[in-house]
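Data block for run_1.cif (mmCIF, C-alpha atoms (C1' of nucleotides)):
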data_protein
#
loop_
_atom_site.label_atom_id
_atom_site.label_comp_id
_atom_site.auth_asym_id
_atom_site.auth_seq_id
_atom_site.Cartn_x
_atom_site.Cartn_y
_atom_site.Cartn_z
CA MET A 1 30.56 16.18 8.67
CA PRO A 2 30.47 13.15 6.38
CA GLY A 3 29.79 15.63 3.61
CA ASP A 4 33.15 17.25 4.27
CA LEU A 5 34.76 13.85 4.34
CA LEU A 6 33.31 13.08 0.95
CA ALA A 7 34.32 16.44 -0.51
CA ARG A 8 37.84 15.91 0.68
CA TYR A 9 38.05 12.36 -0.58
CA LEU A 10 36.83 13.51 -3.97
CA SER A 11 39.08 16.53 -4.35
CA ASP A 12 42.07 14.54 -3.19
CA ARG A 13 41.75 12.30 -6.20
CA LYS A 14 40.35 14.82 -8.63
CA LEU A 15 36.87 13.37 -8.62
CA LYS A 16 33.78 15.49 -8.75
CA LEU A 17 31.22 16.46 -6.21
CA THR A 18 27.95 16.28 -8.08
CA PRO A 19 24.43 17.11 -6.92
CA GLN A 20 23.54 13.45 -7.30
CA ARG A 21 26.25 12.41 -4.93
CA LYS A 22 25.10 14.95 -2.38
CA ILE A 23 21.52 13.76 -2.67
CA ILE A 24 22.50 10.14 -2.26
CA LEU A 25 24.78 10.85 0.66
CA ASN A 26 22.03 12.77 2.43
CA ALA A 27 19.46 10.08 1.80
CA PHE A 28 21.89 7.55 3.20
CA LEU A 29 22.58 9.64 6.29
CA ASP A 30 18.89 10.28 6.86
CA HIS A 31 17.99 6.65 6.56
CA GLY A 32 20.22 5.52 9.34
CA GLY A 33 20.25 1.74 9.42
CA HIS A 34 21.30 -0.79 6.83
CA VAL A 35 20.23 0.08 3.31
CA SER A 36 20.78 -1.58 0.01
CA SER A 37 21.56 0.50 -3.04
CA GLU A 38 18.24 -0.45 -4.51
CA GLU A 39 16.28 0.65 -1.46
CA LEU A 40 18.17 3.89 -1.49
CA TYR A 41 17.43 4.29 -5.16
CA ASP A 42 13.71 3.97 -4.44
CA ILE A 43 13.95 6.60 -1.73
CA VAL A 44 16.01 9.04 -3.73
CA LYS A 45 13.88 8.61 -6.82
CA GLU A 46 10.81 10.03 -5.12
CA GLN A 47 12.32 13.44 -4.56
CA ASN A 48 14.48 13.27 -7.61
CA PRO A 49 13.00 11.15 -10.39
CA GLY A 50 15.76 11.95 -12.81
CA ILE A 51 18.39 10.07 -10.90
CA GLY A 52 19.64 6.82 -12.34
CA GLN A 53 19.92 3.49 -10.62
CA ALA A 54 23.51 3.00 -11.69
CA THR A 55 24.40 6.32 -10.14
CA VAL A 56 23.16 5.15 -6.76
CA TYR A 57 25.11 1.92 -7.01
CA ARG A 58 28.20 3.85 -8.02
CA ALA A 59 27.75 6.39 -5.26
CA MET A 60 27.39 3.78 -2.56
CA LYS A 61 30.56 2.08 -3.67
CA LEU A 62 32.23 5.44 -3.54
CA LEU A 63 30.98 6.14 -0.03
CA ALA A 64 32.38 2.82 1.05
CA GLU A 65 35.74 3.60 -0.51
CA ALA A 66 35.72 7.00 1.08
CA GLY A 67 35.25 5.41 4.48
CA ILE A 68 31.85 6.96 5.08
CA ALA A 69 29.81 3.81 4.63
CA SER A 70 30.73 0.22 5.18
CA GLU A 71 29.39 -2.65 3.22
CA VAL A 72 27.61 -5.44 5.05
CA ARG A 73 26.64 -8.73 3.47
CA PHE A 74 24.34 -11.10 5.25
CA GLY A 75 24.62 -13.78 2.61
CA ASP A 76 21.32 -13.26 0.83
CA GLY A 77 23.03 -11.83 -2.21
CA ILE A 78 22.31 -8.21 -1.38
CA SER A 79 24.89 -5.65 -0.35
CA ARG A 80 23.77 -3.30 2.35
CA TYR A 81 25.55 -0.26 3.70
CA GLU A 82 25.70 1.23 7.15
CA LEU A 83 27.26 4.37 8.51
CA LYS A 84 30.82 3.68 9.40
CA ASP A 85 31.42 4.69 12.94
CA GLU A 86 35.13 4.97 13.27
CA GLN A 87 35.36 4.34 16.95
CA GLU A 88 33.57 1.09 17.43
CA HIS A 89 33.29 -1.93 15.25
CA HIS A 90 30.34 -4.24 15.79
CA ASP A 91 28.91 -7.50 14.60
CA HIS A 92 25.37 -8.67 13.93
CA ILE A 93 22.76 -11.05 15.24
CA ILE A 94 19.92 -11.75 12.86
CA CYS A 95 16.62 -13.45 13.55
CA GLU A 96 16.06 -16.19 11.00
CA LYS A 97 12.30 -15.71 11.13
CA CYS A 98 11.63 -11.99 11.18
CA PHE A 99 15.09 -10.81 10.05
CA ARG A 100 15.23 -8.34 12.88
CA GLN A 101 18.82 -7.53 13.58
CA VAL A 102 20.80 -6.40 16.56
CA GLU A 103 24.31 -5.10 16.70
CA PHE A 104 26.78 -6.09 19.36
CA SER A 105 30.46 -6.06 20.09
CA ASP A 106 32.54 -8.28 22.26
CA PRO A 107 36.13 -7.28 22.94
CA THR A 108 36.99 -10.73 24.20
CA ILE A 109 35.93 -12.31 20.94
CA GLU A 110 37.86 -9.67 19.02
CA ASP A 111 40.91 -10.51 21.01
CA LEU A 112 40.56 -14.23 20.44
CA GLN A 113 40.17 -13.63 16.73
CA VAL A 114 43.51 -11.85 16.59
CA ARG A 115 45.11 -14.74 18.42
CA GLN A 116 43.59 -17.35 16.16
CA ALA A 117 44.86 -15.48 13.14
CA GLU A 118 48.34 -15.23 14.61
CA LYS A 119 48.32 -18.87 15.51
CA HIS A 120 47.89 -19.70 11.83
CA GLY A 121 50.47 -17.22 10.64
CA PHE A 122 48.06 -14.48 9.61
CA VAL A 123 48.03 -10.81 10.44
CA LEU A 124 44.39 -10.00 10.96
CA VAL A 125 43.00 -7.23 8.81
CA SER A 126 39.29 -7.50 9.40
CA HIS A 127 36.58 -9.97 10.08
CA ARG A 128 32.96 -10.65 9.58
CA MET A 129 30.85 -12.39 12.16
CA ILE A 130 27.13 -12.91 11.91
CA LEU A 131 25.08 -14.88 14.39
CA TYR A 132 21.84 -16.44 13.21
CA GLY A 133 19.17 -17.23 15.74
CA ILE A 134 15.55 -16.83 16.75
CA CYS A 135 14.56 -13.71 18.65
CA SER A 136 12.37 -13.67 21.71
CA LYS A 137 9.30 -12.39 19.85
CA CYS A 138 9.44 -15.15 17.28
CA ARG A 139 9.84 -17.81 19.95
CA SER A 140 6.66 -16.86 21.80
CA MET B 1 29.35 -43.74 3.84
CA PRO B 2 27.98 -40.45 2.59
CA GLY B 3 26.54 -42.47 -0.26
CA ASP B 4 24.45 -44.45 2.18
CA LEU B 5 23.41 -41.25 3.86
CA LEU B 6 22.22 -39.88 0.56
CA ALA B 7 20.40 -43.08 -0.38
CA ARG B 8 18.61 -43.03 2.91
CA TYR B 9 17.72 -39.36 2.71
CA LEU B 10 16.28 -39.91 -0.73
CA SER B 11 14.28 -43.03 -0.02
CA ASP B 12 12.91 -41.51 3.16
CA ARG B 13 11.22 -38.84 1.14
CA LYS B 14 10.52 -40.84 -1.99
CA LEU B 15 13.16 -39.11 -4.03
CA LYS B 16 15.27 -40.93 -6.53
CA LEU B 17 18.87 -42.04 -6.60
CA THR B 18 20.03 -41.30 -10.10
CA PRO B 19 23.38 -41.96 -11.73
CA GLN B 20 23.91 -38.21 -12.02
CA ARG B 21 23.50 -37.77 -8.31
CA LYS B 22 26.00 -40.53 -7.63
CA ILE B 23 28.49 -39.00 -10.03
CA ILE B 24 28.14 -35.57 -8.50
CA LEU B 25 28.40 -36.89 -4.98
CA ASN B 26 31.55 -38.80 -5.83
CA ALA B 27 33.12 -35.84 -7.56
CA PHE B 28 32.34 -33.75 -4.52
CA LEU B 29 33.84 -36.30 -2.15
CA ASP B 30 36.92 -36.71 -4.31
CA HIS B 31 37.51 -33.01 -4.52
CA GLY B 32 37.78 -32.50 -0.83
CA GLY B 33 37.94 -28.77 -0.16
CA HIS B 34 35.51 -26.01 -0.91
CA VAL B 35 33.88 -26.27 -4.31
CA SER B 36 31.32 -24.19 -6.06
CA SER B 37 28.61 -25.88 -8.10
CA GLU B 38 30.13 -24.47 -11.22
CA GLU B 39 33.59 -25.82 -10.50
CA LEU B 40 32.07 -29.17 -9.79
CA TYR B 41 30.15 -28.97 -13.02
CA ASP B 42 33.38 -28.44 -14.94
CA ILE B 43 34.93 -31.44 -13.23
CA VAL B 44 31.99 -33.74 -13.71
CA LYS B 45 31.50 -32.68 -17.31
CA GLU B 46 34.89 -34.05 -18.35
CA GLN B 47 34.03 -37.62 -17.50
CA ASN B 48 30.39 -37.20 -18.26
CA PRO B 49 29.70 -34.58 -20.91
CA GLY B 50 25.99 -35.28 -20.97
CA ILE B 51 25.38 -33.92 -17.51
CA GLY B 52 23.58 -30.61 -17.18
CA GLN B 53 24.64 -27.60 -15.21
CA ALA B 54 21.28 -27.28 -13.52
CA THR B 55 21.56 -30.86 -12.33
CA VAL B 56 24.78 -30.08 -10.52
CA TYR B 57 23.27 -27.02 -8.86
CA ARG B 58 20.25 -29.07 -7.84
CA ALA B 59 22.35 -31.92 -6.56
CA MET B 60 24.51 -29.68 -4.40
CA LYS B 61 21.48 -28.13 -2.81
CA LEU B 62 20.22 -31.60 -2.19
CA LEU B 63 23.47 -32.70 -0.57
CA ALA B 64 23.28 -29.68 1.70
CA GLU B 65 19.72 -30.52 2.67
CA ALA B 66 20.69 -34.10 3.26
CA GLY B 67 23.36 -32.95 5.66
CA ILE B 68 26.24 -34.29 3.59
CA ALA B 69 27.55 -30.94 2.42
CA SER B 70 27.36 -27.57 4.02
CA GLU B 71 27.15 -24.32 2.18
CA VAL B 72 29.81 -21.70 2.77
CA ARG B 73 29.61 -18.15 1.52
CA PHE B 74 32.61 -15.91 1.64
CA GLY B 75 30.74 -12.91 0.34
CA ASP B 76 31.93 -12.89 -3.24
CA GLY B 77 28.55 -13.98 -4.51
CA ILE B 78 29.51 -17.60 -4.98
CA SER B 79 28.18 -20.49 -2.91
CA ARG B 80 30.73 -23.11 -2.10
CA TYR B 81 30.23 -26.45 -0.45
CA GLU B 82 32.37 -28.43 1.91
CA LEU B 83 32.01 -31.84 3.43
CA LYS B 84 29.99 -31.59 6.56
CA ASP B 85 31.84 -33.18 9.38
CA GLU B 86 29.26 -33.73 12.03
CA GLN B 87 31.54 -33.62 14.96
CA GLU B 88 33.34 -30.37 14.60
CA HIS B 89 32.27 -27.07 13.26
CA HIS B 90 34.95 -24.69 12.10
CA ASP B 91 35.44 -21.15 10.83
CA HIS B 92 37.73 -19.68 8.20
CA ILE B 93 40.69 -17.40 7.85
CA ILE B 94 41.32 -16.12 4.35
CA CYS B 95 44.37 -14.37 2.99
CA GLU B 96 43.32 -11.19 1.22
CA LYS B 97 46.20 -11.45 -1.22
CA CYS B 98 46.47 -15.08 -2.26
CA PHE B 99 43.07 -16.24 -1.01
CA ARG B 100 44.63 -19.17 0.73
CA GLN B 101 42.33 -20.32 3.47
CA VAL B 102 42.75 -22.06 6.74
CA GLU B 103 40.12 -23.60 8.95
CA PHE B 104 40.08 -23.22 12.68
CA SER B 105 37.79 -23.62 15.62
CA ASP B 106 37.77 -21.94 18.96
CA PRO B 107 35.42 -23.28 21.62
CA THR B 108 35.82 -20.16 23.72
CA ILE B 109 34.60 -17.96 20.89
CA GLU B 110 31.73 -20.36 20.27
CA ASP B 111 30.77 -20.07 23.86
CA LEU B 112 30.91 -16.30 23.86
CA GLN B 113 28.74 -16.22 20.77
CA VAL B 114 26.02 -18.17 22.53
CA ARG B 115 26.19 -15.75 25.42
CA GLN B 116 26.03 -12.69 23.22
CA ALA B 117 22.97 -14.12 21.51
CA GLU B 118 21.29 -14.84 24.82
CA LYS B 119 22.14 -11.42 26.10
CA HIS B 120 20.10 -9.95 23.25
CA GLY B 121 17.21 -12.35 23.63
CA PHE B 122 18.17 -14.71 20.83
CA VAL B 123 18.52 -18.45 20.78
CA LEU B 124 21.56 -19.10 18.66
CA VAL B 125 21.02 -21.36 15.68
CA SER B 126 24.22 -20.94 13.74
CA HIS B 127 26.86 -18.43 12.88
CA ARG B 128 29.30 -17.41 10.29
CA MET B 129 32.70 -16.04 11.10
CA ILE B 130 35.36 -15.25 8.58
CA LEU B 131 38.67 -13.62 9.40
CA TYR B 132 40.45 -11.69 6.68
CA GLY B 133 44.16 -11.18 6.93
CA ILE B 134 47.52 -11.53 5.23
CA CYS B 135 49.28 -14.86 5.45
CA SER B 136 52.95 -15.31 6.27
CA LYS B 137 53.94 -16.05 2.67
CA CYS B 138 52.35 -12.89 1.36
CA ARG B 139 54.00 -10.78 4.03
CA SER B 140 57.51 -11.84 3.14
"C1'" DT C 1 34.16 34.52 -17.12
"C1'" DC C 2 34.94 31.24 -20.66
"C1'" DC C 3 37.38 27.03 -22.05
"C1'" DT C 4 39.19 22.74 -21.74
"C1'" DT C 5 39.81 18.55 -19.65
"C1'" DT C 6 38.08 14.80 -17.66
"C1'" DA C 7 34.86 12.67 -14.72
"C1'" DA C 8 29.86 11.64 -13.96
"C1'" DT C 9 25.39 10.73 -15.50
"C1'" DG C 10 21.33 8.11 -17.30
"C1'" DA C 11 19.46 4.63 -20.17
"C1'" DA C 12 19.91 0.46 -21.65
"C1'" DA C 13 22.34 -3.64 -22.37
"C1'" DA C 14 25.36 -6.96 -20.39
"C1'" DT C 15 27.02 -9.99 -16.69
"C1'" DG C 16 27.18 -13.97 -13.84
"C1'" DG C 17 25.62 -17.05 -10.54
"C1'" DT C 18 21.62 -19.37 -9.76
"C1'" DT C 19 16.74 -20.93 -10.38
"C1'" DA C 20 12.52 -21.96 -13.04
"C1'" DT C 21 10.23 -24.06 -17.01
"C1'" DC C 22 8.95 -27.83 -19.65
"C1'" DA C 23 9.03 -31.67 -22.52
"C1'" DT C 24 11.27 -35.98 -22.17
"C1'" DT C 25 13.41 -39.76 -19.71
"C1'" DC C 26 14.21 -42.55 -15.93
"C1'" DT C 27 13.45 -44.76 -10.87
"C1'" DC C 28 11.09 -47.07 -7.90
"C1'" DT C 29 7.38 -49.66 -6.16
"C1'" DA C 30 3.37 -52.24 -6.49
"C1'" DT D 1 6.81 -54.74 -15.92
"C1'" DA D 2 3.64 -50.96 -15.91
"C1'" DG D 3 2.45 -46.64 -14.07
"C1'" DA D 4 3.16 -42.61 -11.18
"C1'" DG D 5 5.87 -39.24 -10.14
"C1'" DA D 6 10.50 -37.46 -9.79
"C1'" DA D 7 14.80 -36.09 -12.35
"C1'" DT D 8 17.11 -34.58 -16.27
"C1'" DG D 9 18.97 -31.35 -19.79
"C1'" DA D 10 18.43 -27.37 -22.56
"C1'" DT D 11 17.11 -23.11 -22.36
"C1'" DA D 12 15.01 -19.12 -20.70
"C1'" DA D 13 14.32 -16.36 -16.81
"C1'" DC D 14 15.96 -13.96 -12.58
"C1'" DC D 15 17.94 -10.36 -10.14
"C1'" DA D 16 21.44 -7.65 -8.11
"C1'" DT D 17 25.05 -5.38 -9.93
"C1'" DT D 18 28.22 -3.62 -13.55
"C1'" DT D 19 29.40 -1.96 -18.00
"C1'" DT D 20 28.88 0.69 -22.15
"C1'" DC D 21 28.44 4.78 -24.44
"C1'" DA D 22 26.82 9.04 -25.88
"C1'" DT D 23 25.81 13.20 -23.47
"C1'" DT D 24 26.28 16.47 -19.69
"C1'" DA D 25 28.54 18.93 -16.28
"C1'" DA D 26 32.42 19.93 -12.56
"C1'" DA D 27 36.82 21.98 -11.64
"C1'" DG D 28 40.66 24.59 -12.50
"C1'" DG D 29 43.27 27.57 -15.24
"C1'" DA D 30 43.80 31.45 -18.70
#

Starting from the coordinates I provided, produce the structure as structure tokens.
Amino acid sequence: MPGDLLARYLSDRKLKLTPQRKIILNAFLDHGGHVSSEELYDIVKEQNPGIGQATVYRAMKLLAEAGIASEVRFGDGISRYELKDEQEHHDHIICEKCFRQVEFSDPTIEDLQVRQAEKHGFVLVSHRMILYGICSKCRS
Amino acid sequence: MPGDLLARYLSDRKLKLTPQRKIILNAFLDHGGHVSSEELYDIVKEQNPGIGQATVYRAMKLLAEAGIASEVRFGDGISRYELKDEQEHHDHIICEKCFRQVEFSDPTIEDLQVRQAEKHGFVLVSHRMILYGICSKCRS
DNA sequence: TCCTTTAATGAAAATGGTTATCATTCTCTA
DNA sequence: TAGAGAATGATAACCATTTTCATTAAAGGA
């Protein structure tokens, strides 16, 4: 399905569907969670040593533009991507010790964010919220 | 006042209060808003051309550790610092067009964040929340 | 199918913010 | 005021990401 999405996005703007892009998309879909372009490059390289690092970076940006992936930044200087699930947005909690992460969503918070934005004269477009804490494992 | 704080932080751990550190601290205090180390370097350099870039980066990290400044990252790869006001934490709304930013705080959201963390077995340490939107000026 | 246009690729260099190195200089304390 | 150890400044190194550029390959039409 995301493959079709990509094909459509590409043909709509006269871009090209290359084998590399298919490979990278599939690796991304297979991986599941949050991946950086570099991690994905390492994965893809094993099956396909000829692929270039820049191509993976470019492809991930493309997937984000196409609405298939969304970029997540935790503030450590690395861009990670996750599958964009249209229906439900979520935020993240990260353990400061083991970096384990959990996703959550809270409609009440979402609602309050819209109101805060309005209160200051903004129309809310998007937001980023990351909670940093210590998980139960690391506390024991 | 922050000067005293710095002096104390330094002497407590046998670090040294240098003229450079005073200059950088003052420039930071004068500036007010969010500043990156590089911006601060440009400012400081005018009055004091001898000062090194690395010294400014080091000093800002120090101010953050000393609890005088706090680091803010908007996700564009640049670390900015703002004066840490002990009493009240705040979050940011940024205009995607003109990059104007407004600070706000919402105790209800803060509260819900703690609960979400608990719900997932985390003890909340800190958080980052940035709202992206379009401000009233840019809409008209 | 072949051709042409134009985008994509891979390798390598460049970028840009930030940090490390290291010889020299300066603070602080005894 | 001397000595120990930290700080400085210049510069090189880092590291994720982007750009450059010559080469290759899609896509669409003839």

Distance table requested - stretch 49-90 of chain A against stretch 79-103 of chain B, cut-off 12 Å, all atoms listed in the file: one row per qualifying residue with the closest atom pair and its distance in Å to one decimal, ordered by chain and rising residue number, as CSV.
residue,atom,partner,partner_atom,distance
A:Gly75,CA,B:Ser79,CA,9.4
A:Asp76,CA,B:Ser79,CA,10.6
A:Gly77,CA,B:Ser79,CA,10.1

Okay, now the selection with C-alpha atoms, as a CSV table (one decimal), keeping the file's coordinate frame?
chain,number,residue,atom,x,y,z
A,75,GLY,CA,24.6,-13.8,2.6
A,76,ASP,CA,21.3,-13.3,0.8
A,77,GLY,CA,23.0,-11.8,-2.2

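When you apply the PyMOL selection byres ((chain D) within 10 of (chain A)) to this structure, what comes back is DC15, DA16, DT17, DT18, DT19, DA25, DA26 and DA27 of chain D.
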
I need the contact residues of chain C against chain A, so if you could list those with any atom within 8 Å, counting all atoms listed in the file, and return them as JSON, numbers by chain, that would help.
{"C": [7, 8, 9, 10]}

Got a sec to pull out which chain B residues are within 8 Å of chain A, counting all atoms listed in the file, and send them as a VMD selection string?
chain B and resid 73 75 77 93 95 102 104 106 109 112 to 113 116 to 117 120 to 136

In terms of the shortest atom-to-atom distance over all atoms listed in the file, which of B:Pro107, B:Asn48, B:Lys22, B:Glu71 is closest to B:Val35?
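Ranked by minimum distance to B:Val35, first place goes to B:Glu71.
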
To one decimal in Å, tell me the separation between atom CA of A:Leu10 and atom C1' of C:DT4.
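Distance reported for this atom pair: 20.2 Å.
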
Point-to-point distance from atom CA of A:Tyr9 to atom CA of A:Ala59, Å rounded to tenths:
12.8 Å

Padding 4 Å on each side, edges along x, y and z: where is the centre of the box around the listed atoms of stretch 6-13 of chain D, and how long are its edges in Å to one decimal? Output it as JSON.
{"center_x": 14.7, "center_y": -26.9, "center_z": -16.2, "size_x": 16.5, "size_y": 29.1, "size_z": 20.8}

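You will find atom CA of A:Glu46 at 23.9 Å from atom C1' of D:DT23.
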
For each of D:DT1, D:DC21, D:DT8, D:DC14, take the minimum atom-to-atom distance to C:DA11, counting all atoms listed in the file, then give the residue where this is smallest.
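Distance minimum relative to C:DA11 lands on D:DC21.
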
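When all atoms listed in the file are used to compute distances to D:DA10, the closest of the residues C:DC28, C:DA14, C:DC3, C:DA23 turns out to be C:DA23.
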
Spell out the residues picked by the PyMOL selection byres ((chain C and resi 29) around 10) here, as a list in words.
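On the file shown, the PyMOL selection byres ((chain C and resi 29) around 10) covers DT27, DC28 and DA30 of chain C; DG3 and DA4 of chain D.
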